[in-house]
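Working notes, beginning with the structure itself.
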Amino acid sequence: MKKPKIAAQVYSVREAAEKDFTAAMAALKECGYEGVELAGLYGLTPETVKSCLDELGLTAVSAHVGLEPFMEDMEGTVSAYHTIGCSYIGIPYLPKERHYGGEKFEETCSFLKKLSAACAAQGMTLLYHNHNFEFEKTEKGTYLFDEFFAAFEADEMQTEQDTCWVNVGGEDPVAYLKKYQGRCPVVHVKDFRRADGAVELVALGQGEQDVPAIAKAAAECGAGWLVVEQDDHPYGEPMENMRISYRCLKAAQE
């Protein structure tokens, strides 16, 4: 069984990336990461981003891009991330009106299928990244998560399961990876703990997640990349937390 490679979601260290993108990428490389998932280009051209990552030996695994840039210029936006070398485009979030049962669901599905075809034409795959609200029940007793992915063929839309939000949503992240086996090429690994009813994000190994079990399930289900994401850092410094998380995840793969 091939072990997935480990990448960092740049949003986790966004302040450092905004200040000095090259230095931030070099620091992630020094932590051990083999690739990155972009969340914006920080005012740089696609060519500059590609050159930076190539020089550091980092793979541009994927990019989180909202719907708006694609609505304004689908071909141009897709081409920009193709220039960088991304294999995947991840839609990071959709509001509820664009999910199953929402007034814009059919419109959104139609648009995303066109976007998927545009990505495929450039050799890229379209993903959707969940949060916990996708595990709210529909009137049929099903989850928004499952209804959303049921609207697409597997080759039109793959999952980018955020295992933290699956857990917070009330489901077992290992079970959900297995449920979508073969349809989860990129998996977000994130840890959390609950404090007075609130969810606090922490470095891997410092919270509730069973990181070894998630790493094992992701590998078994065909993931090529595990992406460490920590949106907020209530404890510790962002880059040091990313270092801790890399070490934890690497050890979990042993």
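The way I read the labels, and the way they are meant: chains A, B, ... in the order of the structure tokens, residue 1 as the first residue of every chain, and ligand 1 as the first ligand shown, with later ones counted on from there.
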| So which residues of range 72-205 of chain A fall under alpha helix (DSSP H) by DSSP, listed as JSON, numbers by chain? | {"A": [72, 74, 75, 76, 77, 78, 79, 80, 81, 82, 83, 84, 105, 106, 107, 108, 109, 110, 111, 112, 113, 114, 115, 116, 117, 118, 119, 120, 121, 144, 145, 146, 147, 148, 149, 150, 163, 164, 165, 166, 167, 168, 173, 174, 175, 176, 177, 178, 179]}
| field | For Val78 in chain A: contacts at 9 Å, only C-alpha atoms, fewer than 3 positions along chain excluded, given as an NGL selection string | value | :A and (70 or 73-75 or 81-83 or 89 or 115 or 118-119 or 122 or 124)
Can you write out the residues you just picked, keeping N, CA, C and O atoms, as a CSV table (one decimal), in the first residue's frame?
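What ended up in selection_20.csv:
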```csv
chain,number,residue,atom,x,y,z
A,70,PHE,N,-14.2,31.8,-11.0
A,70,PHE,CA,-14.6,31.0,-12.2
A,70,PHE,C,-15.8,31.5,-12.9
A,70,PHE,O,-15.9,31.4,-14.1
A,73,ASP,N,-14.3,34.4,-15.0
A,73,ASP,CA,-13.4,34.0,-16.1
A,73,ASP,C,-13.0,32.6,-15.9
A,73,ASP,O,-11.9,32.3,-15.3
A,74,MET,N,-13.9,31.6,-16.3
A,74,MET,CA,-13.6,30.2,-16.0
A,74,MET,C,-12.3,29.8,-16.7
A,74,MET,O,-11.4,29.2,-16.0
A,75,GLU,N,-12.2,30.0,-18.0
A,75,GLU,CA,-11.0,29.5,-18.7
A,75,GLU,C,-9.7,30.1,-18.2
A,75,GLU,O,-8.7,29.4,-18.0
A,81,TYR,N,-4.1,28.2,-12.7
A,81,TYR,CA,-3.7,27.1,-11.8
A,81,TYR,C,-3.0,26.0,-12.6
A,81,TYR,O,-2.2,25.3,-12.0
A,82,HIS,N,-3.4,25.8,-13.8
A,82,HIS,CA,-2.7,24.9,-14.7
A,82,HIS,C,-1.2,25.3,-14.9
A,82,HIS,O,-0.3,24.5,-14.9
A,83,THR,N,-1.0,26.6,-15.1
A,83,THR,CA,0.3,27.2,-15.2
A,83,THR,C,1.2,26.9,-14.0
A,83,THR,O,2.3,26.5,-14.1
A,89,ILE,N,-8.2,21.3,-8.3
A,89,ILE,CA,-8.8,22.5,-7.9
A,89,ILE,C,-9.9,22.2,-6.9
A,89,ILE,O,-10.8,21.3,-7.1
A,115,LEU,N,-17.4,23.5,-15.0
A,115,LEU,CA,-16.1,23.8,-14.4
A,115,LEU,C,-15.2,22.5,-14.4
A,115,LEU,O,-14.0,22.5,-14.7
A,118,ALA,N,-13.9,21.9,-17.7
A,118,ALA,CA,-12.8,22.8,-18.0
A,118,ALA,C,-11.5,22.4,-17.3
A,118,ALA,O,-10.4,22.5,-17.9
A,119,CYS,N,-11.6,21.9,-16.1
A,119,CYS,CA,-10.4,21.4,-15.4
A,119,CYS,C,-9.9,20.2,-16.0
A,119,CYS,O,-8.6,20.1,-16.2
A,122,GLN,N,-7.6,20.6,-18.9
A,122,GLN,CA,-6.3,21.0,-18.6
A,122,GLN,C,-5.6,20.0,-17.7
A,122,GLN,O,-4.5,20.3,-17.1
A,124,MET,N,-6.6,18.6,-14.9
A,124,MET,CA,-6.9,18.7,-13.5
A,124,MET,C,-8.2,18.1,-13.0
A,124,MET,O,-9.1,17.9,-13.9
```
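For the residues A:Gly40, A:Pro46, A:Pro92, A:Pro185, ranking by smallest atom-to-atom distance to Asp155 in chain A using only C-alpha atoms places A:Pro185 first.
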| said: Using DSSP assignments from the backbone, pull out every residue in range 42-218 of chain A that falls under strand (DSSP E) and give it to me as number ranges by chain. | reply: A: 59-64, 88-91, 125-129, 158-160, 186-189, 191-195, 198-202
| request: Show which residues sit within 12 Å of range 17-30 of chain A, as a VMD selection string. Count only C-alpha atoms, and ignore same-chain residues fewer than 3 positions away. | output: chain A and resid 6 to 14 33 to 45 48 to 60 228 238 to 247
How would the residues just chosen look if you wrote them out with C-alpha atoms as a PDB file, in the first residue's frame?
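selection_0.pdb was written with the following content:
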```pdb
ATOM      1  CA  ILE A   6       2.133  15.180   2.897  1.00  0.00           C
ATOM      2  CA  ALA A   7       1.314  18.754   1.883  1.00  0.00           C
ATOM      3  CA  ALA A   8       0.486  21.944   3.743  1.00  0.00           C
ATOM      4  CA  GLN A   9      -2.522  24.152   3.155  1.00  0.00           C
ATOM      5  CA  VAL A  10      -0.965  27.613   2.790  1.00  0.00           C
ATOM      6  CA  TYR A  11      -3.977  29.214   4.485  1.00  0.00           C
ATOM      7  CA  SER A  12      -2.577  27.747   7.712  1.00  0.00           C
ATOM      8  CA  VAL A  13       0.367  30.179   7.517  1.00  0.00           C
ATOM      9  CA  ARG A  14      -1.336  32.931   5.540  1.00  0.00           C
ATOM     10  CA  TYR A  33       6.323  19.090   3.588  1.00  0.00           C
ATOM     11  CA  GLU A  34       6.563  17.800   0.029  1.00  0.00           C
ATOM     12  CA  GLY A  35       3.818  19.956  -1.416  1.00  0.00           C
ATOM     13  CA  VAL A  36       1.392  22.778  -0.798  1.00  0.00           C
ATOM     14  CA  GLU A  37      -2.249  23.509  -1.395  1.00  0.00           C
ATOM     15  CA  LEU A  38      -2.691  27.138  -2.327  1.00  0.00           C
ATOM     16  CA  ALA A  39      -5.354  29.508  -1.023  1.00  0.00           C
ATOM     17  CA  GLY A  40      -4.781  32.623  -3.086  1.00  0.00           C
ATOM     18  CA  LEU A  41      -1.701  33.856  -4.917  1.00  0.00           C
ATOM     19  CA  TYR A  42      -0.758  36.719  -2.582  1.00  0.00           C
ATOM     20  CA  GLY A  43      -0.487  39.240  -5.384  1.00  0.00           C
ATOM     21  CA  LEU A  44       1.957  37.101  -7.368  1.00  0.00           C
ATOM     22  CA  THR A  45       1.606  35.898 -10.938  1.00  0.00           C
ATOM     23  CA  THR A  48       6.159  33.541 -10.145  1.00  0.00           C
ATOM     24  CA  VAL A  49       4.392  31.090  -7.841  1.00  0.00           C
ATOM     25  CA  LYS A  50       5.395  28.178 -10.056  1.00  0.00           C
ATOM     26  CA  SER A  51       9.018  29.332 -10.177  1.00  0.00           C
ATOM     27  CA  CYS A  52       9.148  29.699  -6.397  1.00  0.00           C
ATOM     28  CA  LEU A  53       7.718  26.254  -5.733  1.00  0.00           C
ATOM     29  CA  ASP A  54       9.882  24.614  -8.400  1.00  0.00           C
ATOM     30  CA  GLU A  55      13.042  26.144  -6.970  1.00  0.00           C
ATOM     31  CA  LEU A  56      12.172  24.868  -3.494  1.00  0.00           C
ATOM     32  CA  GLY A  57      11.181  21.414  -4.731  1.00  0.00           C
ATOM     33  CA  LEU A  58       7.591  21.747  -3.553  1.00  0.00           C
ATOM     34  CA  THR A  59       4.705  20.242  -5.511  1.00  0.00           C
ATOM     35  CA  ALA A  60       1.722  22.468  -6.233  1.00  0.00           C
ATOM     36  CA  VAL A 228      -2.386  19.465   6.883  1.00  0.00           C
ATOM     37  CA  PRO A 238       1.444  28.866  13.051  1.00  0.00           C
ATOM     38  CA  MET A 239       4.701  27.609  11.549  1.00  0.00           C
ATOM     39  CA  GLU A 240       5.687  25.708  14.687  1.00  0.00           C
ATOM     40  CA  ASN A 241       2.234  24.097  14.779  1.00  0.00           C
ATOM     41  CA  MET A 242       2.712  23.052  11.160  1.00  0.00           C
ATOM     42  CA  ARG A 243       6.054  21.520  12.101  1.00  0.00           C
ATOM     43  CA  ILE A 244       4.470  19.595  14.975  1.00  0.00           C
ATOM     44  CA  SER A 245       1.654  18.421  12.705  1.00  0.00           C
ATOM     45  CA  TYR A 246       4.036  17.208  10.024  1.00  0.00           C
ATOM     46  CA  ARG A 247       6.021  15.172  12.521  1.00  0.00           C
TER      47      ARG A 247
END
```
| field | From A:Gly197, A:Tyr180, A:Arg98, A:Gly85, residue lying nearest Ala150 in chain A [only C-alpha atoms] | value |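 For Ala150 in chain A, the nearest of the candidates is A:Tyr180.
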| Any idea what the distance is between CA of Gly170 in chain A and CA of His131 in chain A? |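 According to the coordinates, CA of Gly170 in chain A and CA of His131 in chain A are separated by 11.6 Å.
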| request: Compare A:Phe149, A:Phe192, A:Gly205, A:Glu156 by their minimum atom-to-atom distance to Ala121 in chain A, counting only C-alpha atoms, and give me the closest one. | output: A:Glu156
| Could you name the residues that touch Gln253 in chain A at 9 Å or less, counting only C-alpha atoms, but leaving out those on the same chain fewer than 4 positions away, as a list in words? |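 Listed by chain and then number, they are Lys3, Pro4, Pro212, Ala215, Lys216, Cys248 and Leu249 of chain A.
Take CA of Val166 in chain A and CA of Arg183 in chain A: the distance between them is 15.7 Å.
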So that I can see what lies close to range 103-112 of chain A, please list as a CSV table (one decimal) with all heavy atoms, in the first residue's frame the residues with an atom at most 10 Å from it, counting only C-alpha atoms and leaving out residues fewer than 6 positions away in the same chain.
```csv
chain,number,residue,atom,x,y,z
A,67,LEU,N,-16.0,30.1,-6.0
A,67,LEU,CA,-16.8,30.1,-7.3
A,67,LEU,C,-16.6,31.4,-8.1
A,67,LEU,O,-16.6,31.4,-9.3
A,67,LEU,CB,-18.3,29.9,-7.0
A,67,LEU,CG,-18.8,28.5,-6.7
A,67,LEU,CD1,-20.3,28.5,-6.7
A,67,LEU,CD2,-18.2,27.5,-7.7
A,70,PHE,N,-14.2,31.8,-11.0
A,70,PHE,CA,-14.6,31.0,-12.2
A,70,PHE,C,-15.8,31.5,-12.9
A,70,PHE,O,-15.9,31.4,-14.1
A,70,PHE,CB,-14.9,29.6,-11.7
A,70,PHE,CG,-13.7,28.8,-11.1
A,70,PHE,CD1,-13.6,28.5,-9.8
A,70,PHE,CD2,-12.6,28.5,-12.0
A,70,PHE,CE1,-12.5,27.8,-9.3
A,70,PHE,CE2,-11.5,27.9,-11.5
A,70,PHE,CZ,-11.4,27.5,-10.1
A,71,MET,N,-16.7,32.2,-12.1
A,71,MET,CA,-17.9,32.8,-12.7
A,71,MET,C,-17.5,34.0,-13.6
A,71,MET,O,-18.1,34.3,-14.6
A,71,MET,CB,-18.8,33.2,-11.6
A,71,MET,CG,-19.5,32.1,-11.0
A,71,MET,SD,-20.7,32.6,-9.6
A,71,MET,CE,-21.5,31.1,-9.3
A,91,ILE,N,-13.0,23.4,-4.5
A,91,ILE,CA,-14.0,24.4,-4.1
A,91,ILE,C,-14.1,24.4,-2.6
A,91,ILE,O,-14.5,23.4,-2.0
A,91,ILE,CB,-15.4,24.1,-4.7
A,91,ILE,CG1,-15.3,24.0,-6.2
A,91,ILE,CG2,-16.4,25.2,-4.3
A,91,ILE,CD1,-14.8,25.3,-6.9
A,94,LEU,N,-19.4,26.1,-0.1
A,94,LEU,CA,-20.6,26.6,-0.8
A,94,LEU,C,-21.6,27.0,0.2
A,94,LEU,O,-21.8,26.2,1.2
A,94,LEU,CB,-21.2,25.5,-1.7
A,94,LEU,CG,-20.4,25.1,-3.0
A,94,LEU,CD1,-21.0,23.9,-3.7
A,94,LEU,CD2,-20.3,26.3,-4.0
A,95,PRO,N,-22.3,28.1,0.0
A,95,PRO,CA,-23.4,28.5,1.0
A,95,PRO,C,-24.5,27.5,0.8
A,95,PRO,O,-24.7,26.8,-0.2
A,95,PRO,CB,-23.7,29.9,0.6
A,95,PRO,CG,-23.3,30.0,-0.9
A,95,PRO,CD,-22.1,29.1,-1.0
A,96,LYS,N,-25.4,27.5,1.8
A,96,LYS,CA,-26.5,26.5,1.9
A,96,LYS,C,-27.4,26.6,0.7
A,96,LYS,O,-28.0,25.6,0.2
A,96,LYS,CB,-27.2,26.6,3.2
A,96,LYS,CG,-26.5,26.0,4.4
A,96,LYS,CD,-27.3,26.0,5.6
A,96,LYS,CE,-26.6,25.4,6.8
A,96,LYS,NZ,-27.4,25.3,8.0
A,97,GLU,N,-27.6,27.8,0.2
A,97,GLU,CA,-28.5,27.9,-1.0
A,97,GLU,C,-28.0,27.2,-2.2
A,97,GLU,O,-28.8,27.0,-3.1
A,97,GLU,CB,-28.8,29.4,-1.3
A,97,GLU,CG,-27.6,30.2,-1.7
A,97,GLU,CD,-27.0,31.0,-0.6
A,97,GLU,OE1,-27.1,30.5,0.6
A,97,GLU,OE2,-26.3,32.0,-0.8
A,118,ALA,N,-13.9,21.9,-17.7
A,118,ALA,CA,-12.8,22.8,-18.0
A,118,ALA,C,-11.5,22.4,-17.3
A,118,ALA,O,-10.4,22.5,-17.9
A,118,ALA,CB,-13.2,24.2,-17.6
A,126,LEU,N,-11.5,18.3,-10.3
A,126,LEU,CA,-12.3,19.2,-9.4
A,126,LEU,C,-12.6,18.4,-8.1
A,126,LEU,O,-13.1,17.3,-8.1
A,126,LEU,CB,-13.5,19.6,-10.1
A,126,LEU,CG,-14.3,20.7,-9.4
A,126,LEU,CD1,-13.5,22.0,-9.2
A,126,LEU,CD2,-15.6,21.0,-10.1
A,148,PHE,N,-25.0,16.0,-2.1
A,148,PHE,CA,-24.2,16.8,-3.0
A,148,PHE,C,-23.4,15.9,-3.9
A,148,PHE,O,-23.4,16.1,-5.1
A,148,PHE,CB,-23.2,17.7,-2.2
A,148,PHE,CG,-22.3,18.5,-3.0
A,148,PHE,CD1,-22.7,19.7,-3.6
A,148,PHE,CD2,-21.0,18.1,-3.3
A,148,PHE,CE1,-21.8,20.4,-4.5
A,148,PHE,CE2,-20.1,18.8,-4.1
A,148,PHE,CZ,-20.5,20.0,-4.7
A,149,PHE,N,-22.7,15.0,-3.4
A,149,PHE,CA,-21.8,14.1,-4.2
A,149,PHE,C,-22.6,13.2,-5.1
A,149,PHE,O,-22.2,12.8,-6.2
A,149,PHE,CB,-20.8,13.4,-3.4
A,149,PHE,CG,-19.7,14.3,-2.9
A,149,PHE,CD1,-19.6,14.8,-1.6
A,149,PHE,CD2,-18.7,14.7,-3.8
A,149,PHE,CE1,-18.6,15.6,-1.2
A,149,PHE,CE2,-17.7,15.5,-3.4
A,149,PHE,CZ,-17.6,16.0,-2.1
A,151,ALA,N,-25.1,14.0,-6.8
A,151,ALA,CA,-25.5,14.8,-8.0
A,151,ALA,C,-24.4,14.8,-9.1
A,151,ALA,O,-24.7,15.3,-10.2
A,151,ALA,CB,-25.8,16.3,-7.6
A,152,PHE,N,-23.2,14.2,-8.8
A,152,PHE,CA,-22.2,14.2,-9.8
A,152,PHE,C,-21.6,12.8,-10.0
A,152,PHE,O,-21.7,12.0,-9.0
A,152,PHE,CB,-21.0,15.0,-9.3
A,152,PHE,CG,-21.3,16.5,-9.0
A,152,PHE,CD1,-21.8,16.9,-7.8
A,152,PHE,CD2,-21.2,17.4,-10.0
A,152,PHE,CE1,-22.1,18.2,-7.5
A,152,PHE,CE2,-21.5,18.8,-9.8
A,152,PHE,CZ,-22.0,19.2,-8.6
A,156,GLU,N,-16.6,13.6,-12.3
A,156,GLU,CA,-17.0,15.0,-12.3
A,156,GLU,C,-16.6,15.7,-11.0
A,156,GLU,O,-16.3,16.9,-11.1
A,156,GLU,CB,-18.5,15.2,-12.6
A,156,GLU,CG,-18.9,14.7,-13.9
A,156,GLU,CD,-20.4,14.9,-14.1
A,156,GLU,OE1,-21.2,14.6,-13.1
A,156,GLU,OE2,-20.9,15.2,-15.2
A,157,MET,N,-16.7,15.1,-9.9
A,157,MET,CA,-16.5,15.7,-8.6
A,157,MET,C,-15.9,14.7,-7.6
A,157,MET,O,-16.6,13.7,-7.3
A,157,MET,CB,-17.7,16.3,-8.1
A,157,MET,CG,-17.6,17.0,-6.7
A,157,MET,SD,-16.6,18.5,-6.8
A,157,MET,CE,-17.8,19.6,-7.7
```
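Between CA of Glu208 in chain A and CA of Asp172 in chain A the separation is 11.7 Å.
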| query | Which residue gives the smallest distance to Gly236 in chain A among A:Leu201, A:Cys31, A:Val61, A:Val187, with only C-alpha atoms counted? | reply | A:Leu201
| Neighbours of Ala175 in chain A within 12 Å (only C-alpha atoms; same-chain residues fewer than 5 positions away dropped), as a PyMOL selection string? | chain A and resi 161+163+166-167+170+180-181+213-214+216-218+220-221
